[in-house]
Every structure is written in structure tokens, then in C-alpha cells.
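Just structure-v7.pdb here, PDB, C-alpha atoms (C1' of nucleotides):
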ATOM      1  CA  MET A  24     -39.827  18.580   1.760
ATOM      2  CA  SER A  25     -38.250  18.776  -1.712
ATOM      3  CA  LYS A  26     -35.019  17.067  -2.652
ATOM      4  CA  SER A  27     -33.380  20.455  -3.005
ATOM      5  CA  GLU A  28     -34.429  21.476   0.499
ATOM      6  CA  ARG A  29     -33.175  18.217   1.930
ATOM      7  CA  ILE A  30     -29.770  18.515   0.257
ATOM      8  CA  LYS A  31     -29.419  22.024   1.636
ATOM      9  CA  GLY A  32     -30.818  20.920   4.999
ATOM     10  CA  PHE A  33     -28.252  18.137   5.292
ATOM     11  CA  TYR A  34     -25.469  20.661   5.011
ATOM     12  CA  THR A  35     -26.988  22.905   7.645
ATOM     13  CA  ALA A  36     -27.485  19.991  10.031
ATOM     14  CA  LEU A  37     -23.997  18.610   9.473
ATOM     15  CA  PHE A  38     -22.247  21.938   9.824
ATOM     16  CA  ARG A  39     -24.217  22.681  12.996
ATOM     17  CA  ARG A  40     -23.295  19.304  14.432
ATOM     18  CA  TYR A  41     -19.638  19.037  13.390
ATOM     19  CA  GLY A  42     -18.421  22.509  12.402
ATOM     20  CA  PRO A  43     -15.690  23.251   9.836
ATOM     21  CA  GLN A  44     -13.534  20.238   8.935
ATOM     22  CA  GLY A  45     -10.397  22.041   7.771
ATOM     23  CA  TRP A  46      -9.832  20.036   4.598
ATOM     24  CA  TRP A  47      -7.519  19.299   2.867
ATOM     25  CA  PRO A  48      -5.089  18.376   5.657
ATOM     26  CA  ALA A  49      -1.857  19.214   3.767
ATOM     27  CA  GLU A  50       0.818  21.897   3.857
ATOM     28  CA  THR A  51       1.247  22.209   0.087
ATOM     29  CA  GLN A  52      -0.689  21.574  -3.109
ATOM     30  CA  LEU A  53       1.679  18.759  -3.993
ATOM     31  CA  GLU A  54       1.151  17.075  -0.637
ATOM     32  CA  CYS A  55      -2.605  17.394  -1.173
ATOM     33  CA  ILE A  56      -2.347  15.677  -4.551
ATOM     34  CA  LEU A  57      -0.213  12.876  -3.125
ATOM     35  CA  GLY A  58      -2.830  12.457  -0.416
ATOM     36  CA  THR A  59      -5.659  12.131  -2.943
ATOM     37  CA  ILE A  60      -3.875   9.198  -4.566
ATOM     38  CA  LEU A  61      -2.693   7.568  -1.352
ATOM     39  CA  THR A  62      -6.128   7.669   0.279
ATOM     40  CA  GLN A  63      -7.813   5.656  -2.480
ATOM     41  CA  ASN A  64      -9.825   3.006  -0.601
ATOM     42  CA  THR A  65      -7.544   3.547   2.379
ATOM     43  CA  SER A  66      -7.946   5.026   5.858
ATOM     44  CA  TRP A  67      -6.413   8.461   6.354
ATOM     45  CA  MET A  68      -4.373   7.194   9.298
ATOM     46  CA  ASN A  69      -2.386   4.955   6.968
ATOM     47  CA  VAL A  70      -1.957   7.785   4.464
ATOM     48  CA  GLU A  71      -0.419   9.958   7.173
ATOM     49  CA  LYS A  72       2.233   7.332   7.837
ATOM     50  CA  ALA A  73       3.117   7.221   4.147
ATOM     51  CA  LEU A  74       3.268  11.017   3.857
ATOM     52  CA  LYS A  75       5.441  11.189   6.961
ATOM     53  CA  ASN A  76       7.889   8.745   5.358
ATOM     54  CA  LEU A  77       8.044  10.827   2.177
ATOM     55  CA  LYS A  78       8.706  14.009   4.140
ATOM     56  CA  SER A  79      11.394  12.330   6.247
ATOM     57  CA  LYS A  80      13.277  11.534   3.022
ATOM     58  CA  GLY A  81      12.738  15.013   1.621
ATOM     59  CA  LEU A  82      10.473  13.811  -1.182
ATOM     60  CA  THR A  83       8.382  16.969  -1.112
ATOM     61  CA  SER A  84       9.070  18.402  -4.579
ATOM     62  CA  ILE A  85       8.272  17.507  -8.166
ATOM     63  CA  GLU A  86      11.995  17.221  -8.887
ATOM     64  CA  LYS A  87      12.675  14.739  -6.096
ATOM     65  CA  LEU A  88       9.626  12.683  -6.977
ATOM     66  CA  SER A  89      10.755  12.662 -10.602
ATOM     67  CA  SER A  90      14.155  11.204  -9.787
ATOM     68  CA  VAL A  91      13.383   8.780  -6.956
ATOM     69  CA  PRO A  92      13.437   5.137  -8.100
ATOM     70  CA  ILE A  93       9.948   3.688  -8.124
ATOM     71  CA  HIS A  94      10.801   0.812  -5.781
ATOM     72  CA  ILE A  95      12.110   3.268  -3.202
ATOM     73  CA  LEU A  96       8.934   5.307  -3.544
ATOM     74  CA  GLY A  97       6.904   2.128  -3.089
ATOM     75  CA  GLU A  98       8.713   1.183   0.118
ATOM     76  CA  LEU A  99       8.143   4.626   1.606
ATOM     77  CA  ILE A 100       4.404   4.603   0.902
ATOM     78  CA  ARG A 101       3.968   0.959   1.937
ATOM     79  CA  PRO A 102       1.817   1.787   5.006
ATOM     80  CA  SER A 103      -0.896   3.254   2.775
ATOM     81  CA  GLY A 104      -1.581  -0.123   1.136
ATOM     82  CA  TYR A 105      -1.634  -1.015  -2.592
ATOM     83  CA  PHE A 106       1.839   0.492  -2.495
ATOM     84  CA  ASN A 107       3.116  -0.915  -5.796
ATOM     85  CA  GLN A 108       0.065   0.402  -7.628
ATOM     86  CA  LYS A 109       0.172   3.753  -5.893
ATOM     87  CA  ALA A 110       3.875   4.236  -6.639
ATOM     88  CA  ILE A 111       3.034   3.818 -10.335
ATOM     89  CA  LYS A 112       0.111   6.229 -10.010
ATOM     90  CA  ILE A 113       2.281   8.909  -8.408
ATOM     91  CA  LYS A 114       4.924   8.465 -11.075
ATOM     92  CA  ASN A 115       2.237   8.689 -13.779
ATOM     93  CA  PHE A 116       1.001  11.990 -12.366
ATOM     94  CA  ILE A 117       4.517  13.432 -12.071
ATOM     95  CA  LYS A 118       5.278  12.408 -15.660
ATOM     96  CA  PHE A 119       2.054  14.059 -16.814
ATOM     97  CA  LEU A 120       2.964  17.257 -14.991
ATOM     98  CA  ASN A 121       6.521  17.320 -16.358
ATOM     99  CA  GLU A 122       5.501  16.607 -19.938
ATOM    100  CA  ASN A 123       2.544  18.988 -20.140
ATOM    101  CA  TYR A 124       3.255  21.820 -17.700
ATOM    102  CA  ASP A 125       7.020  21.875 -17.289
ATOM    103  CA  GLY A 126       6.578  20.302 -13.861
ATOM    104  CA  ARG A 127       4.691  23.318 -12.508
ATOM    105  CA  LEU A 128       1.392  22.966 -10.671
ATOM    106  CA  GLU A 129       0.495  26.640 -11.129
ATOM    107  CA  ARG A 130       0.635  26.159 -14.894
ATOM    108  CA  MET A 131      -1.543  23.056 -14.711
ATOM    109  CA  PHE A 132      -4.104  24.831 -12.563
ATOM    110  CA  LYS A 133      -4.411  27.726 -15.039
ATOM    111  CA  GLU A 134      -6.125  25.292 -17.361
ATOM    112  CA  ASP A 135      -9.894  25.379 -17.728
ATOM    113  CA  SER A 136     -11.228  23.050 -15.056
ATOM    114  CA  ASN A 137     -13.381  20.937 -17.368
ATOM    115  CA  LYS A 138     -10.471  20.397 -19.740
ATOM    116  CA  LEU A 139      -8.097  19.658 -16.883
ATOM    117  CA  ARG A 140     -10.544  17.169 -15.410
ATOM    118  CA  GLU A 141     -10.582  15.232 -18.680
ATOM    119  CA  LYS A 142      -6.785  15.272 -18.848
ATOM    120  CA  LEU A 143      -6.440  14.077 -15.270
ATOM    121  CA  LEU A 144      -8.841  11.235 -16.004
ATOM    122  CA  GLY A 145      -6.494  10.216 -18.799
ATOM    123  CA  ILE A 146      -3.746   9.449 -16.268
ATOM    124  CA  LYS A 147      -3.725   5.774 -15.343
ATOM    125  CA  GLY A 148      -4.614   5.627 -11.660
ATOM    126  CA  ILE A 149      -6.633   8.851 -11.514
ATOM    127  CA  GLY A 150     -10.373   8.225 -11.551
ATOM    128  CA  PRO A 151     -13.278  10.642 -11.033
ATOM    129  CA  GLU A 152     -12.997  11.014  -7.259
ATOM    130  CA  THR A 153      -9.243  11.598  -7.334
ATOM    131  CA  ALA A 154      -9.481  14.048 -10.243
ATOM    132  CA  ASP A 155     -12.250  16.006  -8.544
ATOM    133  CA  SER A 156     -10.401  15.990  -5.216
ATOM    134  CA  ILE A 157      -7.360  17.479  -6.931
ATOM    135  CA  LEU A 158      -9.535  20.129  -8.599
ATOM    136  CA  LEU A 159     -11.436  21.041  -5.440
ATOM    137  CA  TYR A 160      -8.855  20.697  -2.694
ATOM    138  CA  ALA A 161      -5.563  21.463  -4.447
ATOM    139  CA  ALA A 162      -6.734  23.827  -7.218
ATOM    140  CA  LYS A 163      -9.681  25.364  -5.294
ATOM    141  CA  LYS A 164     -12.059  24.883  -8.229
ATOM    142  CA  SER A 165     -15.777  24.572  -7.439
ATOM    143  CA  ILE A 166     -16.193  20.876  -8.262
ATOM    144  CA  PHE A 167     -18.203  18.593  -5.962
ATOM    145  CA  VAL A 168     -16.390  15.418  -4.890
ATOM    146  CA  VAL A 169     -18.405  12.201  -4.684
ATOM    147  CA  ASP A 170     -17.199   9.205  -2.709
ATOM    148  CA  ALA A 171     -18.538   5.951  -1.275
ATOM    149  CA  TYR A 172     -20.055   7.745   1.734
ATOM    150  CA  THR A 173     -21.812  10.252  -0.491
ATOM    151  CA  TYR A 174     -23.402   7.405  -2.411
ATOM    152  CA  ARG A 175     -24.396   5.484   0.723
ATOM    153  CA  ILE A 176     -25.901   8.457   2.505
ATOM    154  CA  LEU A 177     -27.932   9.730  -0.459
ATOM    155  CA  SER A 178     -28.971   6.226  -1.403
ATOM    156  CA  ARG A 179     -30.194   5.317   2.089
ATOM    157  CA  HIS A 180     -32.123   8.555   2.276
ATOM    158  CA  ALA A 181     -33.743   7.669  -1.066
ATOM    159  CA  LEU A 182     -32.407  10.839  -2.681
ATOM    160  CA  ILE A 183     -30.780   8.992  -5.607
ATOM    161  CA  PRO A 184     -31.531   5.717  -7.406
ATOM    162  CA  GLU A 185     -29.434   2.781  -6.187
ATOM    163  CA  ASP A 186     -27.777   2.455  -9.582
ATOM    164  CA  SER A 187     -26.697   6.108  -9.907
ATOM    165  CA  ASP A 188     -23.273   6.662 -11.395
ATOM    166  CA  TYR A 189     -20.644   9.171 -10.278
ATOM    167  CA  ARG A 190     -21.717  12.026 -12.536
ATOM    168  CA  GLU A 191     -25.387  11.680 -11.640
ATOM    169  CA  ILE A 192     -24.631  11.955  -7.931
ATOM    170  CA  GLN A 193     -22.316  14.894  -8.532
ATOM    171  CA  GLU A 194     -25.044  16.667 -10.493
ATOM    172  CA  VAL A 195     -27.482  16.363  -7.601
ATOM    173  CA  PHE A 196     -25.219  18.622  -5.558
ATOM    174  CA  MET A 197     -23.996  20.888  -8.337
ATOM    175  CA  ASP A 198     -27.475  21.526  -9.725
ATOM    176  CA  ILE A 199     -28.867  22.470  -6.323
ATOM    177  CA  LEU A 200     -26.029  24.274  -4.557
ATOM    178  CA  PRO A 201     -24.335  27.560  -5.481
ATOM    179  CA  LYS A 202     -20.935  27.053  -7.137
ATOM    180  CA  ASP A 203     -18.975  27.858  -4.012
ATOM    181  CA  THR A 204     -15.592  26.219  -3.508
ATOM    182  CA  GLN A 205     -15.653  26.600   0.265
ATOM    183  CA  LEU A 206     -19.170  25.161   0.486
ATOM    184  CA  PHE A 207     -18.186  22.147  -1.641
ATOM    185  CA  ASN A 208     -15.048  21.731   0.441
ATOM    186  CA  GLU A 209     -16.947  21.564   3.737
ATOM    187  CA  TYR A 210     -19.903  19.593   2.447
ATOM    188  CA  HIS A 211     -17.829  16.706   1.126
ATOM    189  CA  ALA A 212     -15.675  16.651   4.253
ATOM    190  CA  LEU A 213     -18.796  16.653   6.451
ATOM    191  CA  LEU A 214     -20.286  13.726   4.496
ATOM    192  CA  VAL A 215     -17.104  11.751   5.156
ATOM    193  CA  LYS A 216     -17.253  12.724   8.827
ATOM    194  CA  VAL A 217     -20.867  11.653   9.350
ATOM    195  CA  GLY A 218     -20.366   8.617   7.135
ATOM    196  CA  LYS A 219     -17.539   7.343   9.314
ATOM    197  CA  GLU A 220     -19.701   7.657  12.406
ATOM    198  CA  HIS A 221     -23.115   6.598  11.153
ATOM    199  CA  CYS A 222     -23.100   5.230   7.612
ATOM    200  CA  ARG A 223     -20.546   2.435   7.320
ATOM    201  CA  LYS A 224     -21.092  -0.581   5.077
ATOM    202  CA  LYS A 225     -22.944  -2.182   7.931
ATOM    203  CA  PRO A 226     -24.937   0.864   8.910
ATOM    204  CA  ILE A 227     -24.949   2.363  12.347
ATOM    205  CA  CYS A 228     -27.769   4.842  11.975
ATOM    206  CA  GLU A 229     -28.445   5.539  15.650
ATOM    207  CA  GLY A 230     -27.803   9.152  16.531
ATOM    208  CA  CYS A 231     -27.291  10.246  12.929
ATOM    209  CA  PRO A 232     -27.768  14.024  12.782
ATOM    210  CA  LEU A 233     -29.551  13.760   9.412
ATOM    211  CA  GLU A 234     -33.302  13.356   9.645
ATOM    212  CA  TYR A 235     -34.101  10.015   8.198
ATOM    213  CA  ASP A 236     -36.695   8.313   6.012
ATOM    214  CA  PRO A 237     -36.867   4.657   7.016
ATOM    215  CA  HIS A 238     -35.971   3.253   3.631
ATOM    216  CA  THR A 239     -33.816   0.213   3.237
ATOM    217  CA  VAL A 240     -32.248  -0.200   6.659
TER     218      VAL A 240
ATOM    219  C1'  DG B  26      -9.650 -13.210  13.012
ATOM    220  C1'  DA B  27     -13.064 -10.703  10.341
ATOM    221  C1'  DC B  28     -14.101  -6.423   8.639
ATOM    222  C1'  DC B  29     -13.152  -2.263   6.411
ATOM    223  C1'  DA B  30     -10.963   2.131   4.739
ATOM    224  C1'  DG B  31     -11.972   9.535   1.700
ATOM    225  C1'  DG B  32     -10.809   3.835  -5.694
ATOM    226  C1'  DC B  33      -9.272   2.301  -9.873
ATOM    227  C1'  DA B  34      -8.072  -0.653 -13.827
ATOM    228  C1'  DC B  35      -8.729  -4.654 -16.147
ATOM    229  C1'  DA B  36     -10.679  -9.315 -17.387
ATOM    230  C1'  DT B  37     -14.523 -11.777 -18.608
ATOM    231  C1'  DC B  38     -19.132 -12.689 -19.819
TER     232       DC B  38
ATOM    233  C1'  DG C   6     -22.739  -2.584 -20.688
ATOM    234  C1'  DA C   7     -22.706  -4.883 -16.367
ATOM    235  C1'  DT C   8     -20.409  -7.570 -13.047
ATOM    236  C1'  DG C   9     -16.333  -9.590 -10.717
ATOM    237  C1'  DT C  10     -11.553  -9.419  -9.149
ATOM    238  C1'  DG C  11      -6.798  -7.898  -7.779
ATOM    239  C1'  DC C  12      -4.382  -4.603  -5.390
ATOM    240  C1'  DA C  13      -2.277  -4.431   0.560
ATOM    241  C1'  DT C  14      -1.578  -2.141   4.939
ATOM    242  C1'  DG C  15      -3.100  -1.302   9.656
ATOM    243  C1'  DG C  16      -6.956  -0.015  13.180
ATOM    244  C1'  DT C  17     -10.931  -1.510  15.479
TER     245       DT C  17
END
As C-alpha cells, the full file:
Amino acid sequence: MSKSERIKGFYTALFRRYGPQGWWPAETQLECILGTILTQNTSWMNVEKALKNLKSKGLTSIEKLSSVPIHILGELIRPSGYFNQKAIKIKNFIKFLNENYDGRLERMFKEDSNKLREKLLGIKGIGPETADSILLYAAKKSIFVVDAYTYRILSRHALIPEDSDYREIQEVFMDILPKDTQLFNEYHALLVKVGKEHCRKKPICEGCPLEYDPHTV
DNA sequence: GACCAGGCACATC
DNA sequence: GATGTGCATGGT
């Protein structure tokens, strides 16, 4: 079976096994963006606690997030871990939005997605996964999101070299699959789902719904 | 108590 | 350019 067929086959198998994942779990675009920053190397359960704290204080708008003191913001997002760093990251994004798009997400998202991606990467605290998550899940652009699970799963199935970088892994998907936002949305979410169950750092491969080449594990 | 989670920036070699 | 380290909470 070709690499292309396997990449497509993974999606079919995962969707059949798990069904639609309903990402991104957020009520607004702004909440989605906050979630992409808060979930960096952090379990979603802890992110939910942080988001709940922000909502309880009414910090659900660009204006409120612009005016809240950074140490207050940090305390509210404490449960998500790295809270001092993440408070700075959120402030950096809000500043970027205010200075370049008059604080309006709809203006930011009118930008060409390749150009916007580069600008987002210029914000301190926004790396490739966070930028692509914002583009895919908040802006609904057809960009494939790569994360640690994506790397682990493809690597263990010998579909990418061990030393692949972010862009190379992203290209595997984007070269093979149709540019379909909803497909990219589900596929990434399904990789996270199956990764949590079967492809942790110390692998638990039993019962994995993906057919498997004995490779490294 | 160890391990790990939907990363990223920065220092050092 | 590659490799290592700090950031931090909370569940399993």
C-alpha cells in the first residue's frame, strides 16, 4: 500500500472508530484562540479550568483582555500551567490584534492565510502549531495542524523520517489530502484522540485501530 | 511519587 | 544547526 493510501486509510479507520470530534470546543473565535495558547503542552482538562475562570470574571472580549492587569490574568489562568508565560503570550496576541487590526478578529482573518501565518509566528509565544490551530479552528482556513501525536503516530508507522520537522510533516498531509477545512479539522482531532489512547510517550499500541507495521516498538 | 499533557523561546555548544 | 533547559499545574 502506498503512503498516500495509508494516510487516507488512517482517516477512514479513525473516523469509523471514533466518529466526529466536534473541535474546536469553544463558543467564540476568541475563546478558541485563548484555548490554543493555554493548551500548549498542557492537558485540556486544565485548560478548561483556566477558561472557566476567565469567563467567571467576564474576560471574554478583546477590550477586557486589553485592560486586565497581567498579574490578574496570570492568576486566573494558573490551572493551565506555565501561567506567567501564557499571560504574556495572551497579552502579546491582544497587542498584535489591537495594533494591526483595530482589535477586530474579522479584520485579521480577512488576511491571506499564508501572510497571516507568518505574522502570527512573529508574535512571541505563538509557534507553528498554535498559529496553524488559530488558522484552522478559529479562522476555518484549510491548514493542517501538526502536533506531538501526529509526529509519534506517523513516525512509528514509518511514514516519515524520525528527524522530520514541522513543515515536512504538514506537507505529508497537505500534499495528499484535498484542501478541505472540515477534513483537516476532524483528522487532526482524531489523531489526538487515538494518540491519547494508544500512542503516548510510552506506547500502548494494543487495540490501536490503525493497521500497524512493526517498526520501532 | 513518577509521569505526562493538543509547545515555545532561549542559551549554549 | 543541533541539542538542552526552563516554564508549572493537575490527573492518572
**Message:** I'd like the residues picked by the PyMOL selection byres ((chain A and resi 109) around 9) written out as a ChimeraX atom specification, using the chain letters and numbers from the file.
**Reply:** /A:60-61,63,97,100,103-108,110-114,148
**Request:** For CA of Ser136 (chain A) and CA of Ala161 (chain A), determine how far apart the two atoms are, in Å to one decimal place.
**Result:**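 It comes out at 12.1 Å.
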**Request:** Provide as a PyMOL selection string the residues of chain C at most 7 Å from chain A, counting all atoms listed in the file.
**Result:** chain C and resi 12-15
**Prompt:** How many Å separate C1' of DG6 (chain C) from CA of Glu191 (chain A)?
**Reply:**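 We find that C1' of DG6 (chain C) and CA of Glu191 (chain A) lie 17.1 Å from each other.
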**Message:** Please expand the PyMOL selection byres ((chain B) within 8 of (chain A)) into the concrete residues it hits in this file, giving the result as an MDAnalysis selection string.
**Reply:** chainID B and resid 30:34
**Prompt:** Exactly which residues make up the result of the PyMOL selection byres ((chain C and resi 17) around 10) on this file, given as an MDAnalysis selection string?
**Reply:** (chainID B and resid 28:29) or (chainID C and resid 15:16)
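The coordinates place CA of Tyr124 (chain A) at 15.8 Å from CA of Leu158 (chain A).
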Hey, could you pull the box centre and edge lengths for region 219-237 of chain A, axis-aligned, 5 Å padding per side, all listed atoms, to one decimal in Å, as AutoDock Vina command-line options?
--center_x -27.2 --center_y 5.9 --center_z 10.8 --size_x 29.3 --size_y 26.2 --size_z 21.5
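Once His221 (chain A) and its same-chain neighbours fewer than 5 positions away are set aside, Ile227, Cys228 and Cys231 of chain A remain within 6 Å of it when counting all atoms listed in the file.
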Using the selection just defined, write its residues with C-alpha atoms as a compact mmCIF listing (two decimals), in the frame of the given file.
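The file below, selection39.txt, is the result:
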# COMPACT_ATOMS: atom_id res chain seq x y z
CA ILE A 227 -24.95 2.36 12.35
CA CYS A 228 -27.77 4.84 11.98
CA CYS A 231 -27.29 10.25 12.93
